[in-house]
Amino acid sequence: MYPDLQKELDTFVRRTPKSADAHKKNLKRIPLGVASNYRAYDPHPIFVKEGSGSHFRDLDGNDYLDHNLCFGALMAGHCHPAVMSAVEKRLSTGTMFGMPHDMEWELAEEICQRFPVEMVRFGNSGTEVTMHAVRMARAFTGRDKIVKFEGTYHGLHDNALVSVKPHAPDFGDINAPTSVPGGLGVPKSTLENVLISTFNDLKTVELRFKENPGQIAAIILEPILMNVGLCMPEPGFLEGLRDIATKNDALLIFDEVKTGAKLGWGGASEYFGVNPDIICLAKSIGGGLPLAAFGTHRSVMDLISQHKVFHGGTYNTNPVSMAAGLATFRSVLTRENYVHVEKLEKKLTDGYRQIVAKSGLQGYIISAGANGALMLYPSEIRNYRDWLTVDIDLWRHYWFGMVNRGVMAQPYWWDEQWTISVQHTERDIDQHIAAFADIAPSLAKAQQERSAVVAAH
Ligand SMILES: Cc1ncc(COP(=O)(O)O)c(C=O)c1O
């Protein structure tokens, strides 16, 4: 381990004793001491007390500039006034009925105006809507197989838990990756129906269609891979997928759980100019409350209307989440706010690039909409296997170093990226850049020392 990483870890432990205690308590009753595996990391996760705007505080009273934002689900920032006011109004008039109400039409209309879909159904999480999207595609085409990309994350249902973070040698040849279960409990029959291709490689998609004629219902992907830091689709890749899907009478599903709200006003279809058949939305559309939706053509949704596909859910369109969602679409995800966020994103990426160049750190900065990441690679990654080559200790050195300087630069894990919320300010970005300027020289030094050791061997 790099000596400077050890120093940062020691500082982290010194700054967060109450989090350590709280984690110890949780461990007695909750596996890994956390409610979602993604929240567990060594030596212990930070336990949060409260947040507002672009900052949060932990149990020990440390203040953090927040670019984690609940794994990118808070483009609104914490407690956005418009969202809070809408939620507060609803809290005293009934929080669940399991019956229709008039906000449903309003929010469905907002979504259909903004994204290339004709009808929507609502849910509560990204997992739910990608699960329903896959089922809709299967029902519409009468086929069972889907194509998914190695390294993509679409939530926790069986079909999504295939080749999320597979390893060699299980993952096979990059030109025809093997379907690898993402843990125990994923049925073998699922693996037969989830075919894996390589992101940014159309040949690997064409191969799947050639091998399985008339059997593939859909191609599902995140238009930007955000489960490997941030990996952009190369020019022509999304267009190529659109063509392959159309030629083979399969549907194209964009998992826009992250990109839908954060790339810009119209999500990935507007950003890239490619229209999928089904769009999955979640995370930032709820402004801080659980809300998700999938939208598609009327002809696909007719399967629900005709009672051929079943979709339901006790919590669907609960008035609190819907009020938050409406306020989010109308007051948070506005064209003006995207201009604000893009301005801050540019300031942050320019700042990072200058520091990377000055410090001699080997890495690059990638950015799209409200998202960006420091990618510790010599050249731009194209797919999951490129991502695997990251120097994990160097990344941890970056993350803990930033956290110790009061900046949660992104969620913990080197497969994530930062988010800028509509409540971030120029001052916040100055704070972020100053923290990075402070830590970058020791990152560059550690990297150079490691390279010297590797060269000597
Ligand atoms: C692209 C993508 N799809 C789906 C999901 C699953 O969403 P949820 O955690 O709300 O179930 C996530 C969550 O990180 C995601 O990033």
# chains A, B, ... in the order shown; residues from 1 in each chain; ligands from 1
call {"tool": "residues_near_ligand", "arguments": {"ligand": "ligand 1", "cutoff": "9 Å", "atoms": "only C-alpha atoms and all ligand atoms", "output": "PyMOL selection string"}}
result
chain A and resi 71-73+124-130+152-157+160+221-222+224-227+255-259+280-283+290-292
call {"tool": "write_last_selection", "arguments": {"atoms": "N, CA and C atoms", "output": "mmCIF file, in the first residue's frame"}}
result
data_model
loop_
_atom_site.group_PDB
_atom_site.id
_atom_site.type_symbol
_atom_site.label_atom_id
_atom_site.label_comp_id
_atom_site.auth_asym_id
_atom_site.auth_seq_id
_atom_site.Cartn_x
_atom_site.Cartn_y
_atom_site.Cartn_z
ATOM 1 N N PHE A 71 -25.451 8.315 -4.886
ATOM 2 C CA PHE A 71 -25.116 7.604 -6.130
ATOM 3 C C PHE A 71 -25.766 8.285 -7.352
ATOM 4 N N GLY A 72 -25.708 9.591 -7.322
ATOM 5 C CA GLY A 72 -26.188 10.340 -8.482
ATOM 6 C C GLY A 72 -27.694 10.512 -8.562
ATOM 7 N N ALA A 73 -28.396 10.229 -7.466
ATOM 8 C CA ALA A 73 -29.868 10.315 -7.514
ATOM 9 C C ALA A 73 -30.390 11.678 -7.084
ATOM 10 N N ASN A 124 -40.873 2.531 -8.360
ATOM 11 C CA ASN A 124 -40.163 3.168 -7.245
ATOM 12 C C ASN A 124 -38.648 3.086 -7.317
ATOM 13 N N SER A 125 -38.140 2.202 -8.163
ATOM 14 C CA SER A 125 -36.684 2.058 -8.224
ATOM 15 C C SER A 125 -36.250 1.710 -9.639
ATOM 16 N N GLY A 126 -34.960 1.903 -9.863
ATOM 17 C CA GLY A 126 -34.400 1.559 -11.169
ATOM 18 C C GLY A 126 -34.517 0.071 -11.444
ATOM 19 N N THR A 127 -34.310 -0.727 -10.411
ATOM 20 C CA THR A 127 -34.414 -2.184 -10.564
ATOM 21 C C THR A 127 -35.780 -2.563 -11.127
ATOM 22 N N GLU A 128 -36.795 -1.967 -10.517
ATOM 23 C CA GLU A 128 -38.166 -2.290 -10.936
ATOM 24 C C GLU A 128 -38.399 -1.969 -12.411
ATOM 25 N N VAL A 129 -37.989 -0.791 -12.822
ATOM 26 C CA VAL A 129 -38.368 -0.394 -14.185
ATOM 27 C C VAL A 129 -37.535 -1.106 -15.248
ATOM 28 N N THR A 130 -36.269 -1.435 -14.959
ATOM 29 C CA THR A 130 -35.533 -2.201 -15.975
ATOM 30 C C THR A 130 -36.097 -3.622 -16.056
ATOM 31 N N THR A 152 -22.265 -3.629 -17.415
ATOM 32 C CA THR A 152 -23.375 -2.691 -17.171
ATOM 33 C C THR A 152 -24.162 -3.124 -15.945
ATOM 34 N N TYR A 153 -24.707 -2.128 -15.270
ATOM 35 C CA TYR A 153 -25.543 -2.385 -14.088
ATOM 36 C C TYR A 153 -26.952 -1.881 -14.367
ATOM 37 N N HIS A 154 -27.924 -2.767 -14.200
ATOM 38 C CA HIS A 154 -29.314 -2.359 -14.411
ATOM 39 C C HIS A 154 -30.175 -2.677 -13.198
ATOM 40 N N GLY A 155 -29.537 -2.911 -12.044
ATOM 41 C CA GLY A 155 -30.307 -3.198 -10.846
ATOM 42 C C GLY A 155 -30.117 -4.634 -10.402
ATOM 43 N N LEU A 156 -31.089 -5.139 -9.643
ATOM 44 C CA LEU A 156 -30.845 -6.366 -8.882
ATOM 45 C C LEU A 156 -31.732 -7.549 -9.262
ATOM 46 N N HIS A 157 -32.543 -7.427 -10.295
ATOM 47 C CA HIS A 157 -33.347 -8.597 -10.694
ATOM 48 C C HIS A 157 -32.439 -9.587 -11.429
ATOM 49 N N ALA A 160 -30.705 -8.769 -14.686
ATOM 50 C CA ALA A 160 -29.721 -7.680 -14.611
ATOM 51 C C ALA A 160 -28.428 -8.147 -13.962
ATOM 52 N N LEU A 221 -29.065 -1.265 -22.560
ATOM 53 C CA LEU A 221 -27.788 -0.639 -22.182
ATOM 54 C C LEU A 221 -28.007 0.709 -21.530
ATOM 55 N N GLU A 222 -26.966 1.122 -20.808
ATOM 56 C CA GLU A 222 -26.866 2.511 -20.398
ATOM 57 C C GLU A 222 -26.181 3.227 -21.552
ATOM 58 N N ILE A 224 -24.439 5.822 -21.729
ATOM 59 C CA ILE A 224 -23.062 6.047 -21.288
ATOM 60 C C ILE A 224 -22.838 5.031 -20.173
ATOM 61 N N LEU A 225 -21.749 4.285 -20.264
ATOM 62 C CA LEU A 225 -21.488 3.299 -19.204
ATOM 63 C C LEU A 225 -21.080 4.040 -17.936
ATOM 64 N N MET A 226 -21.941 3.997 -16.940
ATOM 65 C CA MET A 226 -21.621 4.700 -15.689
ATOM 66 C C MET A 226 -21.409 3.717 -14.547
ATOM 67 N N ASN A 227 -21.066 2.501 -14.915
ATOM 68 C CA ASN A 227 -20.721 1.519 -13.892
ATOM 69 C C ASN A 227 -19.243 1.156 -14.000
ATOM 70 N N ASP A 255 -31.432 2.238 -20.547
ATOM 71 C CA ASP A 255 -31.529 2.382 -19.102
ATOM 72 C C ASP A 255 -31.016 3.775 -18.774
ATOM 73 N N GLU A 256 -31.975 4.692 -18.582
ATOM 74 C CA GLU A 256 -31.619 6.092 -18.300
ATOM 75 C C GLU A 256 -31.840 6.418 -16.823
ATOM 76 N N VAL A 257 -31.645 5.405 -15.994
ATOM 77 C CA VAL A 257 -31.804 5.617 -14.557
ATOM 78 C C VAL A 257 -30.882 6.747 -14.094
ATOM 79 N N LYS A 258 -29.678 6.769 -14.627
ATOM 80 C CA LYS A 258 -28.771 7.884 -14.303
ATOM 81 C C LYS A 258 -28.831 8.986 -15.365
ATOM 82 N N THR A 259 -28.727 8.594 -16.634
ATOM 83 C CA THR A 259 -28.554 9.615 -17.677
ATOM 84 C C THR A 259 -29.827 10.429 -17.938
ATOM 85 N N CYS A 280 -35.997 3.789 -19.402
ATOM 86 C CA CYS A 280 -36.180 3.545 -17.964
ATOM 87 C C CYS A 280 -35.632 4.739 -17.197
ATOM 88 N N LEU A 281 -36.456 5.297 -16.325
ATOM 89 C CA LEU A 281 -36.045 6.471 -15.538
ATOM 90 C C LEU A 281 -36.166 6.172 -14.052
ATOM 91 N N ALA A 282 -35.277 6.736 -13.252
ATOM 92 C CA ALA A 282 -35.385 6.609 -11.782
ATOM 93 C C ALA A 282 -34.452 7.660 -11.175
ATOM 94 N N LYS A 283 -33.915 7.364 -10.000
ATOM 95 C CA LYS A 283 -32.953 8.238 -9.315
ATOM 96 C C LYS A 283 -33.380 9.713 -9.334
ATOM 97 N N PRO A 290 -38.287 8.164 -3.602
ATOM 98 C CA PRO A 290 -38.240 7.038 -4.541
ATOM 99 C C PRO A 290 -39.296 7.168 -5.628
ATOM 100 N N LEU A 291 -38.826 7.288 -6.854
ATOM 101 C CA LEU A 291 -39.738 7.413 -7.989
ATOM 102 C C LEU A 291 -39.045 6.874 -9.230
ATOM 103 N N ALA A 292 -39.766 6.098 -10.027
ATOM 104 C CA ALA A 292 -39.203 5.567 -11.268
ATOM 105 C C ALA A 292 -40.317 5.471 -12.301
#
call {"tool": "residues_around", "arguments": {"residues": "Thr93 of chain A", "least_positions_apart": "6", "cutoff": "12 Å", "atoms": "only C-alpha atoms", "output": "VMD selection string"}}
result
chain A and resid 86 to 87 318 to 320 323
call {"tool": "atom_distance", "arguments": {"atom1": "atom CA of Leu344 of chain A", "atom2": "atom CA of Val332 of chain A"}}
result
15.7 Å
call {"tool": "select_by_dssp", "arguments": {"residues": "segment 128-193 of chain A", "states": "strand (DSSP E or B)", "output": "count of residues only"}}
result
7
call {"tool": "closest_atom_pairs", "arguments": {"of": "segment 40-153 of chain A", "to": "segment 178-183 of chain A", "cutoff": "12 Å", "atoms": "only C-alpha atoms", "output": "Markdown table"}}
result
| residue | atom | partner | partner_atom | distance |
| --- | --- | --- | --- | --- |
| A:Ile146 | CA | A:Ser179 | CA | 11.5 |
| A:Val147 | CA | A:Ser179 | CA | 10.3 |
| A:Lys148 | CA | A:Ser179 | CA | 9.4 |
| A:Phe149 | CA | A:Ser179 | CA | 9.9 |
| A:Glu150 | CA | A:Ser179 | CA | 8.5 |
| A:Gly151 | CA | A:Gly182 | CA | 10.4 |
| A:Thr152 | CA | A:Gly182 | CA | 11.3 |
| A:Tyr153 | CA | A:Gly182 | CA | 10.3 |
call {"tool": "residues_around", "arguments": {"residues": "segment 203-219 of chain A", "least_positions_apart": "3", "cutoff": "8 Å", "atoms": "only C-alpha atoms", "output": "MDAnalysis selection string"}}
result
chainID A and resid 134 137:138 140:148 175:176 195 197:198 241 244:245 248:253
call {"tool": "select_by_dssp", "arguments": {"residues": "segment 101-203 of chain A", "states": "helix (DSSP H, G or I)", "output": "PyMOL selection string"}}
result
chain A and resi 102-114+126-141+188-193+202-203
call {"tool": "atom_distance", "arguments": {"atom1": "atom CA of Gly61 of chain A", "atom2": "atom CA of Asn37 of chain A"}}
result
24.7 Å
call {"tool": "closest_residue", "arguments": {"among": "A:Arg335, A:Arg382, A:His397, A:Arg135", "to": "Val309 of chain A", "atoms": "only C-alpha atoms"}}
result
A:Arg135
call {"tool": "residues_around", "arguments": {"residues": "Gly53 of chain A", "least_positions_apart": "2", "cutoff": "8 Å", "atoms": "only C-alpha atoms", "output": "NGL selection string"}}
result
:A and (51 or 55 or 77-80 or 423-424)
call {"tool": "write_last_selection", "arguments": {"atoms": "C-alpha atoms", "output": "short mmCIF file (atom, residue, chain, number, x, y, z; two decimals), in the first residue's frame"}}
result
data_model
loop_
_atom_site.label_atom_id
_atom_site.label_comp_id
_atom_site.auth_asym_id
_atom_site.auth_seq_id
_atom_site.Cartn_x
_atom_site.Cartn_y
_atom_site.Cartn_z
CA GLY A 51 -27.77 17.29 4.54
CA HIS A 55 -23.39 19.64 1.65
CA GLY A 77 -29.32 18.53 -4.19
CA HIS A 78 -30.46 17.95 -0.61
CA CYS A 79 -33.84 19.33 0.45
CA HIS A 80 -34.47 21.39 -2.67
CA GLN A 423 -27.77 23.66 -5.77
CA HIS A 424 -23.99 23.57 -6.20
#
